[in-house]
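my_file-v1.pdb (PDB, C-alpha atoms, pLDDT in the B column)
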ATOM      1  CA  MET V  18       1.391 -10.776  10.722  1.00 77.00           C
ATOM      2  CA  ASP V  19      -0.608  -7.772  11.963  1.00 84.00           C
ATOM      3  CA  THR V  20      -1.994  -4.984   9.775  1.00 87.00           C
ATOM      4  CA  LYS V  21       0.659  -2.389  10.659  1.00 89.00           C
ATOM      5  CA  GLU V  22       3.486  -4.772   9.833  1.00 92.00           C
ATOM      6  CA  LEU V  23       1.791  -5.757   6.597  1.00 92.00           C
ATOM      7  CA  MET V  24       1.325  -2.090   5.641  1.00 92.00           C
ATOM      8  CA  GLU V  25       5.063  -1.541   6.151  1.00 93.00           C
ATOM      9  CA  ASN V  26       5.808  -4.550   3.947  1.00 93.00           C
ATOM     10  CA  ILE V  27       3.482  -3.234   1.240  1.00 93.00           C
ATOM     11  CA  ARG V  28       5.106   0.219   1.413  1.00 93.00           C
ATOM     12  CA  ALA V  29       8.552  -1.362   1.034  1.00 94.00           C
ATOM     13  CA  ASP V  30       7.293  -3.478  -1.863  1.00 94.00           C
ATOM     14  CA  LEU V  31       5.835  -0.421  -3.621  1.00 93.00           C
ATOM     15  CA  ARG V  32       9.122   1.432  -3.174  1.00 93.00           C
ATOM     16  CA  LYS V  33      10.903  -1.430  -4.950  1.00 95.00           C
ATOM     17  CA  ARG V  34       8.186  -2.036  -7.537  1.00 94.00           C
ATOM     18  CA  PRO V  35       6.073   1.091  -8.166  1.00 91.00           C
ATOM     19  CA  ASN V  36       3.072   0.775 -10.464  1.00 93.00           C
ATOM     20  CA  SER V  37       2.221  -2.751  -9.307  1.00 94.00           C
ATOM     21  CA  HIS V  38      -1.261  -4.134  -9.777  1.00 95.00           C
ATOM     22  CA  PHE V  39      -3.236  -5.160  -6.703  1.00 93.00           C
ATOM     23  CA  SER V  40      -3.010  -8.829  -7.650  1.00 93.00           C
ATOM     24  CA  GLU V  41       0.802  -8.623  -7.673  1.00 94.00           C
ATOM     25  CA  ILE V  42       0.794  -6.955  -4.241  1.00 93.00           C
ATOM     26  CA  TYR V  43      -1.680  -9.553  -2.982  1.00 93.00           C
ATOM     27  CA  PHE V  44       0.306 -12.601  -4.135  1.00 93.00           C
ATOM     28  CA  ARG V  45       3.666 -11.254  -2.916  1.00 92.00           C
ATOM     29  CA  SER V  46       2.133 -10.520   0.511  1.00 92.00           C
ATOM     30  CA  VAL V  47       0.541 -13.966   0.780  1.00 92.00           C
ATOM     31  CA  GLU V  48       3.904 -15.515  -0.154  1.00 91.00           C
ATOM     32  CA  HIS V  49       5.411 -13.792   2.882  1.00 88.00           C
ATOM     33  CA  GLY V  50       2.863 -15.386   5.205  1.00 90.00           C
ATOM     34  CA  ALA V  51       0.054 -12.832   5.436  1.00 90.00           C
ATOM     35  CA  SER V  52      -3.541 -14.012   5.572  1.00 90.00           C
ATOM     36  CA  SER V  53      -5.829 -13.183   2.666  1.00 87.00           C
ATOM     37  CA  PHE V  54      -8.070 -11.077   4.926  1.00 89.00           C
ATOM     38  CA  SER V  55      -5.126  -8.994   6.152  1.00 91.00           C
ATOM     39  CA  VAL V  56      -3.913  -8.433   2.615  1.00 91.00           C
ATOM     40  CA  ARG V  57      -7.300  -7.002   1.662  1.00 89.00           C
ATOM     41  CA  GLU V  58      -7.578  -4.947   4.854  1.00 92.00           C
ATOM     42  CA  ALA V  59      -4.111  -3.304   4.753  1.00 92.00           C
ATOM     43  CA  PRO V  60      -4.353  -1.715   1.263  1.00 89.00           C
ATOM     44  CA  THR V  61      -7.866  -0.508   2.067  1.00 90.00           C
ATOM     45  CA  GLU V  62      -6.510   1.212   5.150  1.00 92.00           C
ATOM     46  CA  MET V  63      -3.688   2.717   3.076  1.00 90.00           C
ATOM     47  CA  LEU V  64      -6.204   4.052   0.545  1.00 90.00           C
ATOM     48  CA  GLN V  65      -8.275   5.622   3.318  1.00 90.00           C
ATOM     49  CA  ARG V  66      -5.154   7.316   4.686  1.00 89.00           C
ATOM     50  CA  GLU V  67      -4.285   8.443   1.136  1.00 87.00           C
ATOM     51  CA  GLU V  68      -0.839   6.803   1.351  1.00 89.00           C
ATOM     52  CA  VAL V  69      -1.233   5.149  -2.046  1.00 91.00           C
ATOM     53  CA  LYS V  70      -2.707   6.266  -5.335  1.00 91.00           C
ATOM     54  CA  THR V  71      -4.179   4.158  -8.079  1.00 92.00           C
ATOM     55  CA  ARG V  72      -4.277   4.920 -11.755  1.00 91.00           C
ATOM     56  CA  ASP V  73      -5.188   2.510 -14.524  1.00 91.00           C
ATOM     57  CA  GLY V  74      -5.139  -0.304 -11.955  1.00 90.00           C
ATOM     58  CA  LYS V  75      -1.553   0.433 -10.930  1.00 94.00           C
ATOM     59  CA  TRP V  76      -0.678   1.247  -7.341  1.00 93.00           C
ATOM     60  CA  ARG V  77       2.061   3.610  -6.192  1.00 92.00           C
ATOM     61  CA  LEU V  78       2.959   5.457  -3.029  1.00 92.00           C
ATOM     62  CA  SER V  79       1.799   9.035  -2.694  1.00 88.00           C
ATOM     63  CA  ALA V  80       4.419  11.722  -2.446  1.00 80.00           C
ATOM     64  CA  PRO V  81       4.436  13.393   0.956  1.00 70.00           C
ATOM     65  CA  VAL V  82       2.582  16.675   0.747  1.00 60.00           C
ATOM     66  CA  GLU V  83       3.813  19.616   2.705  1.00 43.00           C
ATOM     67  CA  ARG V  84       1.075  21.474   4.472  1.00 40.00           C
ATOM     68  CA  ARG V  85       1.042  25.203   4.068  1.00 48.00           C
ATOM     69  CA  LYS V  86       0.087  27.597   6.787  1.00 51.00           C
ATOM     70  CA  SER V  87      -2.813  29.847   5.972  1.00 48.00           C
ATOM     71  CA  VAL V  88      -1.951  33.447   6.639  1.00 49.00           C
TER
END
Show me this structure written as structure tokens.
Amino acid sequence: MDTKELMENIRADLRKRPNSHFSEIYFRSVEHGASSFSVREAPTEMLQREEVKTRDGKWRLSAPVERRKSV
């Protein structure tokens, strides 16, 4: 399973189960056949892209932000 596919799976999982801890995301991803390295790499990439937010150890998807034009 490549990183992009794994990121899609994690997004879908967070839509179903918001406020999951990283360990829950990790174990569910490994159950679906992802390697442990990929599971660590994909959420890191998502954090760098600011697609997920963490608070008190719980992960959730970020709401899409509309960009405003500067006048």
If you apply the PyMOL selection byres ((chain V and resi 36-45) around 6) to this file, what residues do you get, as a PyMOL selection string?
chain V and resi 35+46-48+74-77
Suppose we keep C-alpha atoms; can you now write the selection as a compact mmCIF listing (two decimals), keeping the file's coordinate frame?
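File produced: again.txt:
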# COMPACT_ATOMS: atom_id res chain seq x y z
CA PRO V 35 6.07 1.09 -8.17
CA SER V 46 2.13 -10.52 0.51
CA VAL V 47 0.54 -13.97 0.78
CA GLU V 48 3.90 -15.52 -0.15
CA GLY V 74 -5.14 -0.30 -11.96
CA LYS V 75 -1.55 0.43 -10.93
CA TRP V 76 -0.68 1.25 -7.34
CA ARG V 77 2.06 3.61 -6.19
All residues 8 Å or closer to V:Met24, all atoms listed in the file, same chain fewer than 5 positions away omitted, as a PDB file with C-alpha atoms, in the frame of the given file:
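Dumped to selection_17.pdb:
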ATOM      1  CA  ALA V  59      -4.111  -3.304   4.753  1.00 92.00           C
ATOM      2  CA  PRO V  60      -4.353  -1.715   1.263  1.00 89.00           C
ATOM      3  CA  MET V  63      -3.688   2.717   3.076  1.00 90.00           C
TER       4      MET V  63
END
Please indicate the distance in Å from atom CA of V:Ser53 to atom CA of V:Ala29, rounded to one decimal place.
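The value is 18.7 Å.
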Contacts of stretch 21-23 of chain V within 9 Å, all atoms listed in the file, excl. fewer than 3 positions in-chain, as a list in words:
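Surrounding residues, per the criterion: Met18, Asn26, Ile27, Arg28, Ser46, Ala51, Ser55, Val56 and Ala59 of chain V.
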Evaluate the PyMOL selection byres ((chain V and resi 80) around 9) against this structure - the residues, as a PDB file with C-alpha atoms, keeping the file's coordinate frame, please.
ATOM      1  CA  GLU V  68      -0.839   6.803   1.351  1.00 89.00           C
ATOM      2  CA  VAL V  69      -1.233   5.149  -2.046  1.00 91.00           C
ATOM      3  CA  LEU V  78       2.959   5.457  -3.029  1.00 92.00           C
ATOM      4  CA  SER V  79       1.799   9.035  -2.694  1.00 88.00           C
ATOM      5  CA  PRO V  81       4.436  13.393   0.956  1.00 70.00           C
ATOM      6  CA  VAL V  82       2.582  16.675   0.747  1.00 60.00           C
TER       7      VAL V  82
END
Atom-to-atom span, atom CA of V:Thr20 and atom CA of V:Glu62, Å
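Computing the Euclidean distance for atom CA of V:Thr20 and atom CA of V:Glu62 yields 9.0 Å.
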Atom pair atom CA of V:Gly50 / atom CA of V:Lys33: separation (Å):
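Taking atom CA of V:Gly50 and atom CA of V:Lys33, their separation equals 19.0 Å.
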